$ cat data_3.pdb   # PDB, C-alpha atoms
MODEL        1
ATOM      1  CA  MET Y  42      31.809 -89.329  -0.567  1.00  0.00           C
ATOM      2  CA  CYS Y  43      32.802 -85.756  -1.306  1.00  0.00           C
ATOM      3  CA  GLY Y  44      32.277 -84.843  -4.946  1.00  0.00           C
ATOM      4  CA  ARG Y  45      31.710 -81.069  -4.957  1.00  0.00           C
ATOM      5  CA  PHE Y  46      32.791 -78.217  -2.708  1.00  0.00           C
ATOM      6  CA  THR Y  47      33.220 -74.450  -2.550  1.00  0.00           C
ATOM      7  CA  LEU Y  48      36.102 -72.102  -1.805  1.00  0.00           C
ATOM      8  CA  ILE Y  49      35.225 -68.417  -1.984  1.00  0.00           C
ATOM      9  CA  ALA Y  50      37.338 -66.962   0.857  1.00  0.00           C
ATOM     10  CA  ASP Y  51      39.848 -64.186   0.301  1.00  0.00           C
ATOM     11  CA  LEU Y  52      43.341 -65.482  -0.507  1.00  0.00           C
ATOM     12  CA  GLY Y  53      44.927 -63.299   2.151  1.00  0.00           C
ATOM     13  CA  GLU Y  54      42.577 -64.734   4.783  1.00  0.00           C
ATOM     14  CA  LEU Y  55      43.435 -68.266   3.703  1.00  0.00           C
ATOM     15  CA  ALA Y  56      47.174 -67.557   3.757  1.00  0.00           C
ATOM     16  CA  GLU Y  57      46.989 -66.134   7.271  1.00  0.00           C
ATOM     17  CA  ARG Y  58      44.798 -68.936   8.581  1.00  0.00           C
ATOM     18  CA  PHE Y  59      46.784 -71.809   7.072  1.00  0.00           C
ATOM     19  CA  GLN Y  60      50.244 -70.222   7.171  1.00  0.00           C
ATOM     20  CA  PHE Y  61      51.451 -70.264   3.575  1.00  0.00           C
ATOM     21  CA  PRO Y  62      53.142 -67.583   1.436  1.00  0.00           C
ATOM     22  CA  VAL Y  63      51.053 -65.829  -1.221  1.00  0.00           C
ATOM     23  CA  PRO Y  64      53.554 -64.468  -3.819  1.00  0.00           C
ATOM     24  CA  GLY Y  65      53.227 -66.133  -7.204  1.00  0.00           C
ATOM     25  CA  LEU Y  66      50.088 -68.033  -6.289  1.00  0.00           C
ATOM     26  CA  GLU Y  67      47.179 -67.982  -8.740  1.00  0.00           C
ATOM     27  CA  PHE Y  68      43.763 -68.364  -7.127  1.00  0.00           C
ATOM     28  CA  ARG Y  69      40.161 -67.600  -8.005  1.00  0.00           C
ATOM     29  CA  PRO Y  70      37.121 -68.161  -5.753  1.00  0.00           C
ATOM     30  CA  ARG Y  71      34.772 -70.920  -6.937  1.00  0.00           C
ATOM     31  CA  TYR Y  72      31.308 -72.038  -5.856  1.00  0.00           C
ATOM     32  CA  ASN Y  73      31.466 -75.444  -7.528  1.00  0.00           C
ATOM     33  CA  VAL Y  74      34.829 -77.212  -7.403  1.00  0.00           C
ATOM     34  CA  SER Y  75      34.537 -80.607  -9.079  1.00  0.00           C
ATOM     35  CA  PRO Y  76      36.737 -83.677  -9.691  1.00  0.00           C
ATOM     36  CA  SER Y  77      39.479 -83.360 -12.332  1.00  0.00           C
ATOM     37  CA  GLN Y  78      39.826 -79.628 -11.588  1.00  0.00           C
ATOM     38  CA  ASP Y  79      42.733 -78.085  -9.704  1.00  0.00           C
ATOM     39  CA  VAL Y  80      42.140 -77.466  -5.999  1.00  0.00           C
ATOM     40  CA  LEU Y  81      43.994 -75.225  -3.556  1.00  0.00           C
ATOM     41  CA  ALA Y  82      45.979 -77.295  -1.069  1.00  0.00           C
ATOM     42  CA  VAL Y  83      48.650 -76.826   1.578  1.00  0.00           C
ATOM     43  CA  VAL Y  84      51.541 -79.282   1.503  1.00  0.00           C
ATOM     44  CA  GLY Y  85      54.827 -79.657   3.351  1.00  0.00           C
ATOM     45  CA  THR Y  86      58.180 -78.880   1.722  1.00  0.00           C
ATOM     46  CA  SER Y  87      61.538 -80.634   2.020  1.00  0.00           C
ATOM     47  CA  ALA Y  88      62.701 -77.658   4.103  1.00  0.00           C
ATOM     48  CA  GLY Y  89      60.001 -78.370   6.678  1.00  0.00           C
ATOM     49  CA  ASN Y  90      57.838 -75.387   5.738  1.00  0.00           C
ATOM     50  CA  CYS Y  91      54.379 -75.283   4.179  1.00  0.00           C
ATOM     51  CA  GLU Y  92      53.412 -74.028   0.745  1.00  0.00           C
ATOM     52  CA  ALA Y  93      50.218 -73.682  -1.218  1.00  0.00           C
ATOM     53  CA  ALA Y  94      49.841 -75.813  -4.324  1.00  0.00           C
ATOM     54  CA  ALA Y  95      47.336 -76.322  -7.121  1.00  0.00           C
ATOM     55  CA  LEU Y  96      46.643 -80.066  -7.180  1.00  0.00           C
ATOM     56  CA  HIS Y  97      44.579 -82.030  -9.698  1.00  0.00           C
ATOM     57  CA  TRP Y  98      41.604 -83.510  -7.822  1.00  0.00           C
ATOM     58  CA  GLY Y  99      41.740 -87.262  -8.429  1.00  0.00           C
ATOM     59  CA  LEU Y 100      44.871 -88.937  -7.093  1.00  0.00           C
ATOM     60  CA  VAL Y 101      47.203 -90.627  -9.581  1.00  0.00           C
ATOM     61  CA  PRO Y 102      49.653 -92.940  -7.746  1.00  0.00           C
ATOM     62  CA  PHE Y 103      53.310 -92.561  -8.738  1.00  0.00           C
ATOM     63  CA  TRP Y 104      53.291 -96.128 -10.083  1.00  0.00           C
ATOM     64  CA  ALA Y 105      50.184 -95.730 -12.293  1.00  0.00           C
ATOM     65  CA  LYS Y 106      50.469 -96.534 -16.009  1.00  0.00           C
ATOM     66  CA  ASP Y 107      48.315 -93.559 -16.995  1.00  0.00           C
ATOM     67  CA  SER Y 108      46.499 -90.666 -15.362  1.00  0.00           C
ATOM     68  CA  LYS Y 109      42.975 -91.953 -16.023  1.00  0.00           C
ATOM     69  CA  ILE Y 110      43.041 -93.847 -12.722  1.00  0.00           C
ATOM     70  CA  GLY Y 111      42.546 -90.481 -11.022  1.00  0.00           C
ATOM     71  CA  TYR Y 112      38.854 -90.408 -11.999  1.00  0.00           C
ATOM     72  CA  SER Y 113      38.175 -93.162  -9.440  1.00  0.00           C
ATOM     73  CA  MET Y 114      40.463 -91.716  -6.754  1.00  0.00           C
ATOM     74  CA  ILE Y 115      38.766 -88.470  -5.727  1.00  0.00           C
ATOM     75  CA  ASN Y 116      38.112 -89.903  -2.241  1.00  0.00           C
ATOM     76  CA  ALA Y 117      39.930 -92.320   0.067  1.00  0.00           C
ATOM     77  CA  VAL Y 118      38.187 -94.250   2.855  1.00  0.00           C
ATOM     78  CA  GLY Y 119      39.701 -93.251   6.189  1.00  0.00           C
ATOM     79  CA  GLU Y 120      39.247 -96.669   7.762  1.00  0.00           C
ATOM     80  CA  THR Y 121      41.368 -98.397   5.081  1.00  0.00           C
ATOM     81  CA  VAL Y 122      43.572 -95.631   3.659  1.00  0.00           C
ATOM     82  CA  ALA Y 123      46.677 -96.757   5.574  1.00  0.00           C
ATOM     83  CA  ASP Y 124      46.651-100.171   3.878  1.00  0.00           C
ATOM     84  CA  LYS Y 125      45.388 -99.574   0.338  1.00  0.00           C
ATOM     85  CA  PRO Y 126      48.227 -99.779  -2.241  1.00  0.00           C
ATOM     86  CA  ALA Y 127      47.033 -96.616  -4.011  1.00  0.00           C
ATOM     87  CA  PHE Y 128      47.207 -94.529  -0.838  1.00  0.00           C
ATOM     88  CA  ARG Y 129      49.510 -96.085   1.764  1.00  0.00           C
ATOM     89  CA  THR Y 130      52.772 -94.411   0.664  1.00  0.00           C
ATOM     90  CA  ALA Y 131      51.144 -90.981   0.433  1.00  0.00           C
ATOM     91  CA  PHE Y 132      49.479 -91.626   3.792  1.00  0.00           C
ATOM     92  CA  ARG Y 133      52.906 -91.934   5.391  1.00  0.00           C
ATOM     93  CA  LYS Y 134      54.799 -89.290   3.436  1.00  0.00           C
ATOM     94  CA  ARG Y 135      52.589 -86.964   1.357  1.00  0.00           C
ATOM     95  CA  ARG Y 136      49.722 -85.620   3.419  1.00  0.00           C
ATOM     96  CA  GLY Y 137      48.130 -82.261   2.718  1.00  0.00           C
ATOM     97  CA  LEU Y 138      45.237 -79.952   3.473  1.00  0.00           C
ATOM     98  CA  VAL Y 139      42.626 -79.338   0.769  1.00  0.00           C
ATOM     99  CA  LEU Y 140      41.073 -75.943   1.503  1.00  0.00           C
ATOM    100  CA  ALA Y 141      37.313 -75.409   1.311  1.00  0.00           C
ATOM    101  CA  GLY Y 142      34.480 -73.243   2.553  1.00  0.00           C
ATOM    102  CA  GLY Y 143      31.676 -75.792   2.261  1.00  0.00           C
ATOM    103  CA  PHE Y 144      30.755 -78.996   0.484  1.00  0.00           C
ATOM    104  CA  TYR Y 145      27.667 -80.373  -1.201  1.00  0.00           C
ATOM    105  CA  GLU Y 146      25.630 -83.532  -0.621  1.00  0.00           C
ATOM    106  CA  TRP Y 147      22.156 -84.588  -1.713  1.00  0.00           C
ATOM    107  CA  ARG Y 148      19.614 -85.580   0.951  1.00  0.00           C
ATOM    108  CA  LYS Y 149      17.007 -88.123  -0.088  1.00  0.00           C
ATOM    109  CA  GLU Y 150      13.406 -86.990   0.465  1.00  0.00           C
ATOM    110  CA  ALA Y 151      10.633 -89.261  -0.809  1.00  0.00           C
ATOM    111  CA  ASP Y 152      11.263 -89.590  -4.549  1.00  0.00           C
ATOM    112  CA  SER Y 153      13.657 -86.671  -4.862  1.00  0.00           C
ATOM    113  CA  LYS Y 154      17.095 -85.508  -3.779  1.00  0.00           C
ATOM    114  CA  VAL Y 155      17.598 -82.117  -2.155  1.00  0.00           C
ATOM    115  CA  PRO Y 156      21.017 -80.429  -2.558  1.00  0.00           C
ATOM    116  CA  MET Y 157      22.573 -79.393   0.747  1.00  0.00           C
ATOM    117  CA  ARG Y 158      25.512 -77.112   1.416  1.00  0.00           C
ATOM    118  CA  ILE Y 159      27.425 -78.155   4.529  1.00  0.00           C
ATOM    119  CA  GLY Y 160      30.231 -76.345   6.341  1.00  0.00           C
ATOM    120  CA  LEU Y 161      31.405 -74.790   9.585  1.00  0.00           C
ATOM    121  CA  ARG Y 162      29.143 -72.421  11.479  1.00  0.00           C
ATOM    122  CA  GLY Y 163      29.490 -68.960   9.988  1.00  0.00           C
ATOM    123  CA  TRP Y 164      30.854 -70.549   6.800  1.00  0.00           C
ATOM    124  CA  GLN Y 165      34.458 -70.122   7.837  1.00  0.00           C
ATOM    125  CA  PRO Y 166      37.113 -71.756   5.608  1.00  0.00           C
ATOM    126  CA  PHE Y 167      38.471 -75.121   6.738  1.00  0.00           C
ATOM    127  CA  ALA Y 168      40.775 -77.949   5.697  1.00  0.00           C
ATOM    128  CA  PHE Y 169      39.915 -81.407   4.431  1.00  0.00           C
ATOM    129  CA  ALA Y 170      42.422 -84.155   5.196  1.00  0.00           C
ATOM    130  CA  GLY Y 171      44.062 -84.971   1.882  1.00  0.00           C
ATOM    131  CA  LEU Y 172      46.834 -87.011   0.327  1.00  0.00           C
ATOM    132  CA  TRP Y 173      48.878 -86.017  -2.691  1.00  0.00           C
ATOM    133  CA  GLU Y 174      51.134 -87.676  -5.224  1.00  0.00           C
ATOM    134  CA  SER Y 175      53.507 -86.679  -8.016  1.00  0.00           C
ATOM    135  CA  TRP Y 176      53.177 -88.731 -11.219  1.00  0.00           C
ATOM    136  CA  THR Y 177      55.376 -88.511 -14.306  1.00  0.00           C
ATOM    137  CA  ASP Y 178      54.096 -89.277 -17.785  1.00  0.00           C
ATOM    138  CA  LYS Y 179      56.779 -91.602 -19.210  1.00  0.00           C
ATOM    139  CA  GLU Y 180      56.029 -90.543 -22.784  1.00  0.00           C
ATOM    140  CA  THR Y 181      56.132 -86.775 -22.352  1.00  0.00           C
ATOM    141  CA  GLY Y 182      57.996 -86.284 -19.086  1.00  0.00           C
ATOM    142  CA  ASP Y 183      55.166 -84.060 -17.815  1.00  0.00           C
ATOM    143  CA  VAL Y 184      54.650 -84.112 -14.056  1.00  0.00           C
ATOM    144  CA  LEU Y 185      51.141 -84.189 -12.576  1.00  0.00           C
ATOM    145  CA  ARG Y 186      50.582 -83.405  -8.902  1.00  0.00           C
ATOM    146  CA  SER Y 187      47.242 -84.759  -7.757  1.00  0.00           C
ATOM    147  CA  CYS Y 188      45.271 -85.331  -4.577  1.00  0.00           C
ATOM    148  CA  THR Y 189      42.415 -87.145  -2.901  1.00  0.00           C
ATOM    149  CA  ILE Y 190      40.103 -86.168  -0.018  1.00  0.00           C
ATOM    150  CA  ILE Y 191      39.720 -88.629   2.866  1.00  0.00           C
ATOM    151  CA  THR Y 192      36.251 -89.536   4.155  1.00  0.00           C
ATOM    152  CA  CYS Y 193      34.996 -90.949   7.453  1.00  0.00           C
ATOM    153  CA  SER Y 194      31.731 -92.008   9.086  1.00  0.00           C
ATOM    154  CA  PRO Y 195      29.150 -89.216   9.420  1.00  0.00           C
ATOM    155  CA  ASN Y 196      28.492 -87.128  12.516  1.00  0.00           C
ATOM    156  CA  GLU Y 197      24.970 -86.393  13.821  1.00  0.00           C
ATOM    157  CA  LEU Y 198      24.451 -83.529  11.376  1.00  0.00           C
ATOM    158  CA  MET Y 199      25.540 -85.550   8.363  1.00  0.00           C
ATOM    159  CA  SER Y 200      23.980 -88.945   9.108  1.00  0.00           C
ATOM    160  CA  PRO Y 201      20.465 -87.964   7.844  1.00  0.00           C
ATOM    161  CA  ILE Y 202      22.085 -86.583   4.671  1.00  0.00           C
ATOM    162  CA  HIS Y 203      24.738 -89.145   3.713  1.00  0.00           C
ATOM    163  CA  ASN Y 204      26.477 -92.214   5.129  1.00  0.00           C
ATOM    164  CA  ARG Y 205      29.948 -90.661   4.684  1.00  0.00           C
ATOM    165  CA  MET Y 206      31.494 -87.241   5.184  1.00  0.00           C
ATOM    166  CA  PRO Y 207      34.861 -85.687   4.340  1.00  0.00           C
ATOM    167  CA  VAL Y 208      37.381 -85.486   7.172  1.00  0.00           C
ATOM    168  CA  ILE Y 209      37.568 -81.866   8.362  1.00  0.00           C
ATOM    169  CA  LEU Y 210      40.663 -81.253  10.455  1.00  0.00           C
ATOM    170  CA  PRO Y 211      40.612 -78.917  13.476  1.00  0.00           C
ATOM    171  CA  GLU Y 212      43.661 -76.668  13.771  1.00  0.00           C
ATOM    172  CA  ALA Y 213      45.696 -78.930  16.074  1.00  0.00           C
ATOM    173  CA  ALA Y 214      44.930 -81.993  13.988  1.00  0.00           C
ATOM    174  CA  ALA Y 215      45.842 -80.135  10.791  1.00  0.00           C
ATOM    175  CA  SER Y 216      49.282 -79.320  12.204  1.00  0.00           C
ATOM    176  CA  ALA Y 217      49.840 -82.947  13.148  1.00  0.00           C
ATOM    177  CA  TRP Y 218      48.590 -84.118   9.741  1.00  0.00           C
ATOM    178  CA  LEU Y 219      51.221 -81.974   7.997  1.00  0.00           C
ATOM    179  CA  ASN Y 220      54.033 -83.006  10.351  1.00  0.00           C
ATOM    180  CA  PRO Y 221      56.456 -85.159   8.289  1.00  0.00           C
ATOM    181  CA  ALA Y 222      57.908 -86.684  11.458  1.00  0.00           C
ATOM    182  CA  ILE Y 223      54.624 -88.484  12.159  1.00  0.00           C
ATOM    183  CA  GLU Y 224      54.411 -91.714  10.151  1.00  0.00           C
ATOM    184  CA  ASP Y 225      52.758 -94.065  12.666  1.00  0.00           C
ATOM    185  CA  PRO Y 226      49.515 -95.232  10.989  1.00  0.00           C
ATOM    186  CA  ALA Y 227      47.768 -95.581  14.351  1.00  0.00           C
ATOM    187  CA  VAL Y 228      48.527 -91.969  15.284  1.00  0.00           C
ATOM    188  CA  LEU Y 229      47.480 -90.658  11.882  1.00  0.00           C
ATOM    189  CA  THR Y 230      44.298 -92.716  11.708  1.00  0.00           C
ATOM    190  CA  ARG Y 231      43.108 -91.228  15.007  1.00  0.00           C
ATOM    191  CA  LEU Y 232      43.066 -87.823  13.316  1.00  0.00           C
ATOM    192  CA  LEU Y 233      40.504 -89.036  10.754  1.00  0.00           C
ATOM    193  CA  ALA Y 234      37.480 -88.555  12.997  1.00  0.00           C
ATOM    194  CA  PRO Y 235      34.099 -86.930  12.238  1.00  0.00           C
ATOM    195  CA  PHE Y 236      34.152 -83.191  12.906  1.00  0.00           C
ATOM    196  CA  PRO Y 237      31.903 -82.120  15.832  1.00  0.00           C
ATOM    197  CA  SER Y 238      28.392 -81.602  14.502  1.00  0.00           C
ATOM    198  CA  ASP Y 239      27.649 -78.700  16.875  1.00  0.00           C
ATOM    199  CA  ARG Y 240      30.324 -76.674  15.061  1.00  0.00           C
ATOM    200  CA  MET Y 241      28.763 -77.239  11.635  1.00  0.00           C
ATOM    201  CA  GLU Y 242      25.638 -76.207   9.742  1.00  0.00           C
ATOM    202  CA  ALA Y 243      23.737 -77.290   6.644  1.00  0.00           C
ATOM    203  CA  ALA Y 244      21.475 -75.264   4.387  1.00  0.00           C
TER     204      ALA Y 244
ENDMDL
END
$ encode --input "data_3.pdb" --output "structure tokens"
Amino acid sequence: MCGRFTLIADLGELAERFQFPVPGLEFRPRYNVSPSQDVLAVVGTSAGNCEAAALHWGLVPFWAKDSKIGYSMINAVGETVADKPAFRTAFRKRRGLVLAGGFYEWRKEADSKVPMRIGLRGWQPFAFAGLWESWTDKETGDVLRSCTIITCSPNELMSPIHNRMPVILPEAAASAWLNPAIEDPAVLTRLLAPFPSDRMEAA
């Protein structure tokens, strides 16, 4: 799973790299982003453009009775995400990029666990494959936009550390992931592959 990550890059660098407008966007670098907090994401708009959004980490499906379900929805399994009721509509229509600079896992060693920071070589910012939803509280009318991070099987770097890893999307795959015209589950599922281990590092 992916339960903690970092994002400390400059906002201007992120905007240039992931092609979203900056005006009006509130952002602060963080070394320990955790579930139930807002994360910085890139989502598509109805006009076909991209925008940055602050999304609550822990997806709340539009049909949920209350928002507490989000605590168990911080991750979605890539192999089943197209079919699970909580994720399948967002998988077709509400895909996004969750921006990060590294993520944390704990490697088992004897009787202890060693924290590891994992990311791209040189610690460049990258995008997790995410899904997002908009949920309305029927009592208050408040709207909550939330997200989940998709996971896949580990690559060679990650397999000694954990049996899952978050899906990191290369640039071409990220563009396809955001493309609203692509709804074929087979095409989308092929994008949810382990990132090449020779382009990553762990410390």
$ resolve_selection --input "data_3.pdb" --expression "the PyMOL selection byres ((chain Y and resi 226) around 10)" --output "mmCIF file with C-alpha atoms, in the frame of the given file"
data_model
loop_
_atom_site.group_PDB
_atom_site.id
_atom_site.type_symbol
_atom_site.label_atom_id
_atom_site.label_comp_id
_atom_site.auth_asym_id
_atom_site.auth_seq_id
_atom_site.Cartn_x
_atom_site.Cartn_y
_atom_site.Cartn_z
ATOM 1 C CA VAL Y 122 43.572 -95.631 3.659
ATOM 2 C CA ALA Y 123 46.677 -96.757 5.574
ATOM 3 C CA ASP Y 124 46.651 -100.171 3.878
ATOM 4 C CA ARG Y 129 49.510 -96.085 1.764
ATOM 5 C CA PHE Y 132 49.479 -91.626 3.792
ATOM 6 C CA ARG Y 133 52.906 -91.934 5.391
ATOM 7 C CA ILE Y 223 54.624 -88.484 12.159
ATOM 8 C CA GLU Y 224 54.411 -91.714 10.151
ATOM 9 C CA ASP Y 225 52.758 -94.065 12.666
ATOM 10 C CA ALA Y 227 47.768 -95.581 14.351
ATOM 11 C CA VAL Y 228 48.527 -91.969 15.284
ATOM 12 C CA LEU Y 229 47.480 -90.658 11.882
ATOM 13 C CA THR Y 230 44.298 -92.716 11.708
ATOM 14 C CA ARG Y 231 43.108 -91.228 15.007
#
$ atom_distance --input "data_3.pdb" --atom1 "atom CA of Val83 of chain Y" --atom2 "atom CA of Gly99 of chain Y"
16.0 Å
$ resolve_selection --input "data_3.pdb" --expression "the PyMOL selection byres ((chain Y and resi 175) around 8)" --output "list in words"
Val101, Pro102, Phe103, Trp173, Glu174, Trp176, Thr177, Val184, Leu185, Arg186 and Ser187 of chain Y
$ resolve_selection --input "data_3.pdb" --expression "the PyMOL selection byres ((chain Y and resi 135) around 9)" --output "ChimeraX atom specification"
/Y:84-85,130-134,136-137,171-174,219,221
$ write_last_selection --input "data_3.pdb" --atoms "C-alpha atoms" --output "CSV table (one decimal), keeping the file's coordinate frame"
chain,number,residue,atom,x,y,z
Y,84,VAL,CA,51.5,-79.3,1.5
Y,85,GLY,CA,54.8,-79.7,3.4
Y,130,THR,CA,52.8,-94.4,0.7
Y,131,ALA,CA,51.1,-91.0,0.4
Y,132,PHE,CA,49.5,-91.6,3.8
Y,133,ARG,CA,52.9,-91.9,5.4
Y,134,LYS,CA,54.8,-89.3,3.4
Y,136,ARG,CA,49.7,-85.6,3.4
Y,137,GLY,CA,48.1,-82.3,2.7
Y,171,GLY,CA,44.1,-85.0,1.9
Y,172,LEU,CA,46.8,-87.0,0.3
Y,173,TRP,CA,48.9,-86.0,-2.7
Y,174,GLU,CA,51.1,-87.7,-5.2
Y,219,LEU,CA,51.2,-82.0,8.0
Y,221,PRO,CA,56.5,-85.2,8.3
$ closest_atom_pairs --input "data_3.pdb" --of "segment 50-126 of chain Y" --to "segment 138-148 of chain Y" --cutoff "12 Å" --atoms "all atoms listed in the file" --output "Markdown table"
| residue | atom | partner | partner_atom | distance |
| --- | --- | --- | --- | --- |
| Y:Ala50 | CA | Y:Gly142 | CA | 7.1 |
| Y:Asp51 | CA | Y:Gly142 | CA | 10.8 |
| Y:Leu52 | CA | Y:Leu140 | CA | 10.9 |
| Y:Glu54 | CA | Y:Leu140 | CA | 11.8 |
| Y:Leu55 | CA | Y:Leu140 | CA | 8.3 |
| Y:Ala56 | CA | Y:Leu140 | CA | 10.6 |
| Y:Arg58 | CA | Y:Leu140 | CA | 10.6 |
| Y:Phe59 | CA | Y:Leu140 | CA | 9.0 |
| Y:Gln60 | CA | Y:Leu138 | CA | 11.6 |
| Y:Phe61 | CA | Y:Leu138 | CA | 11.5 |
| Y:Phe68 | CA | Y:Leu140 | CA | 11.8 |
| Y:Pro70 | CA | Y:Gly142 | CA | 10.1 |
| Y:Arg71 | CA | Y:Ala141 | CA | 9.7 |
| Y:Tyr72 | CA | Y:Gly143 | CA | 9.0 |
| Y:Asn73 | CA | Y:Phe144 | CA | 8.8 |
| Y:Val74 | CA | Y:Phe144 | CA | 9.1 |
| Y:Ser75 | CA | Y:Phe144 | CA | 10.4 |
| Y:Asp79 | CA | Y:Val139 | CA | 10.5 |
| Y:Val80 | CA | Y:Val139 | CA | 7.0 |
| Y:Leu81 | CA | Y:Leu140 | CA | 5.9 |
| Y:Ala82 | CA | Y:Val139 | CA | 4.3 |
| Y:Val83 | CA | Y:Leu138 | CA | 5.0 |
| Y:Val84 | CA | Y:Leu138 | CA | 6.6 |
| Y:Gly85 | CA | Y:Leu138 | CA | 9.6 |
| Y:Cys91 | CA | Y:Leu138 | CA | 10.3 |
| Y:Glu92 | CA | Y:Leu138 | CA | 10.5 |
| Y:Ala93 | CA | Y:Leu138 | CA | 9.3 |
| Y:Ala94 | CA | Y:Val139 | CA | 9.5 |
| Y:Ala95 | CA | Y:Val139 | CA | 9.7 |
| Y:Leu96 | CA | Y:Val139 | CA | 8.9 |
| Y:His97 | CA | Y:Val139 | CA | 11.0 |
| Y:Trp98 | CA | Y:Val139 | CA | 9.6 |
| Y:Ile115 | CA | Y:Val139 | CA | 11.9 |
| Y:Asn116 | CA | Y:Val139 | CA | 11.9 |
$ write_last_selection --input "data_3.pdb" --atoms "C-alpha atoms" --output "PDB file, in the frame of the given file"
ATOM      1  CA  ALA Y  50      37.338 -66.962   0.857  1.00  0.00           C
ATOM      2  CA  ASP Y  51      39.848 -64.186   0.301  1.00  0.00           C
ATOM      3  CA  LEU Y  52      43.341 -65.482  -0.507  1.00  0.00           C
ATOM      4  CA  GLU Y  54      42.577 -64.734   4.783  1.00  0.00           C
ATOM      5  CA  LEU Y  55      43.435 -68.266   3.703  1.00  0.00           C
ATOM      6  CA  ALA Y  56      47.174 -67.557   3.757  1.00  0.00           C
ATOM      7  CA  ARG Y  58      44.798 -68.936   8.581  1.00  0.00           C
ATOM      8  CA  PHE Y  59      46.784 -71.809   7.072  1.00  0.00           C
ATOM      9  CA  GLN Y  60      50.244 -70.222   7.171  1.00  0.00           C
ATOM     10  CA  PHE Y  61      51.451 -70.264   3.575  1.00  0.00           C
ATOM     11  CA  PHE Y  68      43.763 -68.364  -7.127  1.00  0.00           C
ATOM     12  CA  PRO Y  70      37.121 -68.161  -5.753  1.00  0.00           C
ATOM     13  CA  ARG Y  71      34.772 -70.920  -6.937  1.00  0.00           C
ATOM     14  CA  TYR Y  72      31.308 -72.038  -5.856  1.00  0.00           C
ATOM     15  CA  ASN Y  73      31.466 -75.444  -7.528  1.00  0.00           C
ATOM     16  CA  VAL Y  74      34.829 -77.212  -7.403  1.00  0.00           C
ATOM     17  CA  SER Y  75      34.537 -80.607  -9.079  1.00  0.00           C
ATOM     18  CA  ASP Y  79      42.733 -78.085  -9.704  1.00  0.00           C
ATOM     19  CA  VAL Y  80      42.140 -77.466  -5.999  1.00  0.00           C
ATOM     20  CA  LEU Y  81      43.994 -75.225  -3.556  1.00  0.00           C
ATOM     21  CA  ALA Y  82      45.979 -77.295  -1.069  1.00  0.00           C
ATOM     22  CA  VAL Y  83      48.650 -76.826   1.578  1.00  0.00           C
ATOM     23  CA  VAL Y  84      51.541 -79.282   1.503  1.00  0.00           C
ATOM     24  CA  GLY Y  85      54.827 -79.657   3.351  1.00  0.00           C
ATOM     25  CA  CYS Y  91      54.379 -75.283   4.179  1.00  0.00           C
ATOM     26  CA  GLU Y  92      53.412 -74.028   0.745  1.00  0.00           C
ATOM     27  CA  ALA Y  93      50.218 -73.682  -1.218  1.00  0.00           C
ATOM     28  CA  ALA Y  94      49.841 -75.813  -4.324  1.00  0.00           C
ATOM     29  CA  ALA Y  95      47.336 -76.322  -7.121  1.00  0.00           C
ATOM     30  CA  LEU Y  96      46.643 -80.066  -7.180  1.00  0.00           C
ATOM     31  CA  HIS Y  97      44.579 -82.030  -9.698  1.00  0.00           C
ATOM     32  CA  TRP Y  98      41.604 -83.510  -7.822  1.00  0.00           C
ATOM     33  CA  ILE Y 115      38.766 -88.470  -5.727  1.00  0.00           C
ATOM     34  CA  ASN Y 116      38.112 -89.903  -2.241  1.00  0.00           C
TER      35      ASN Y 116
END
$ residues_around --input "data_3.pdb" --residues "Glu197 of chain Y" --least-positions-apart "2" --cutoff "12 Å" --atoms "all atoms listed in the file" --output "ChimeraX atom specification"
/Y:194-195,199-206,235-243
$ closest_residue --input "data_3.pdb" --among "Y:Val118, Y:Thr47, Y:Lys179, Y:Gly163" --to "Trp104 of chain Y" --atoms "only C-alpha atoms"
Y:Lys179
$ closest_residue --input "data_3.pdb" --among "Y:Met157, Y:Ala170, Y:Glu57, Y:Asn196" --to "Ala214 of chain Y" --atoms "all atoms listed in the file"
Y:Ala170
$ atom_distance --input "data_3.pdb" --atom1 "atom CA of Ile191 of chain Y" --atom2 "atom CA of Ala151 of chain Y"
29.3 Å
$ closest_residue --input "data_3.pdb" --among "Y:Ala168, Y:Ile110, Y:Leu233, Y:Leu100" --to "Phe128 of chain Y" --atoms "only C-alpha atoms"
Y:Leu100
$ atom_distance --input "data_3.pdb" --atom1 "atom CA of Leu210 of chain Y" --atom2 "atom CA of Tyr112 of chain Y"
24.3 Å
$ residues_near_point --input "data_3.pdb" --point "(34.9, -86.0, -1.8)" --cutoff "7 Å" --atoms "all atoms listed in the file" --output "list in words"
Met42, Cys43, Gly44, Arg45, Ile115, Asn116, Ile190 and Pro207 of chain Y
$ write_last_selection --input "data_3.pdb" --atoms "C-alpha atoms" --output "mmCIF file, in the frame of the given file"
data_model
loop_
_atom_site.group_PDB
_atom_site.id
_atom_site.type_symbol
_atom_site.label_atom_id
_atom_site.label_comp_id
_atom_site.auth_asym_id
_atom_site.auth_seq_id
_atom_site.Cartn_x
_atom_site.Cartn_y
_atom_site.Cartn_z
ATOM 1 C CA MET Y 42 31.809 -89.329 -0.567
ATOM 2 C CA CYS Y 43 32.802 -85.756 -1.306
ATOM 3 C CA GLY Y 44 32.277 -84.843 -4.946
ATOM 4 C CA ARG Y 45 31.710 -81.069 -4.957
ATOM 5 C CA ILE Y 115 38.766 -88.470 -5.727
ATOM 6 C CA ASN Y 116 38.112 -89.903 -2.241
ATOM 7 C CA ILE Y 190 40.103 -86.168 -0.018
ATOM 8 C CA PRO Y 207 34.861 -85.687 4.340
#
$ closest_residue --input "data_3.pdb" --among "Y:Thr189, Y:Thr86, Y:Ser77, Y:Ser153" --to "Met114 of chain Y" --atoms "all atoms listed in the file"
Y:Thr189
$ axis_aligned_box --input "data_3.pdb" --around "segment 211-230 of chain Y" --padding-each-side "4 Å" --output "AutoDock Vina command-line options"
--center_x 49.3 --center_y -86.1 --center_z 12.0 --size_x 25.3 --size_y 26.9 --size_z 16.1
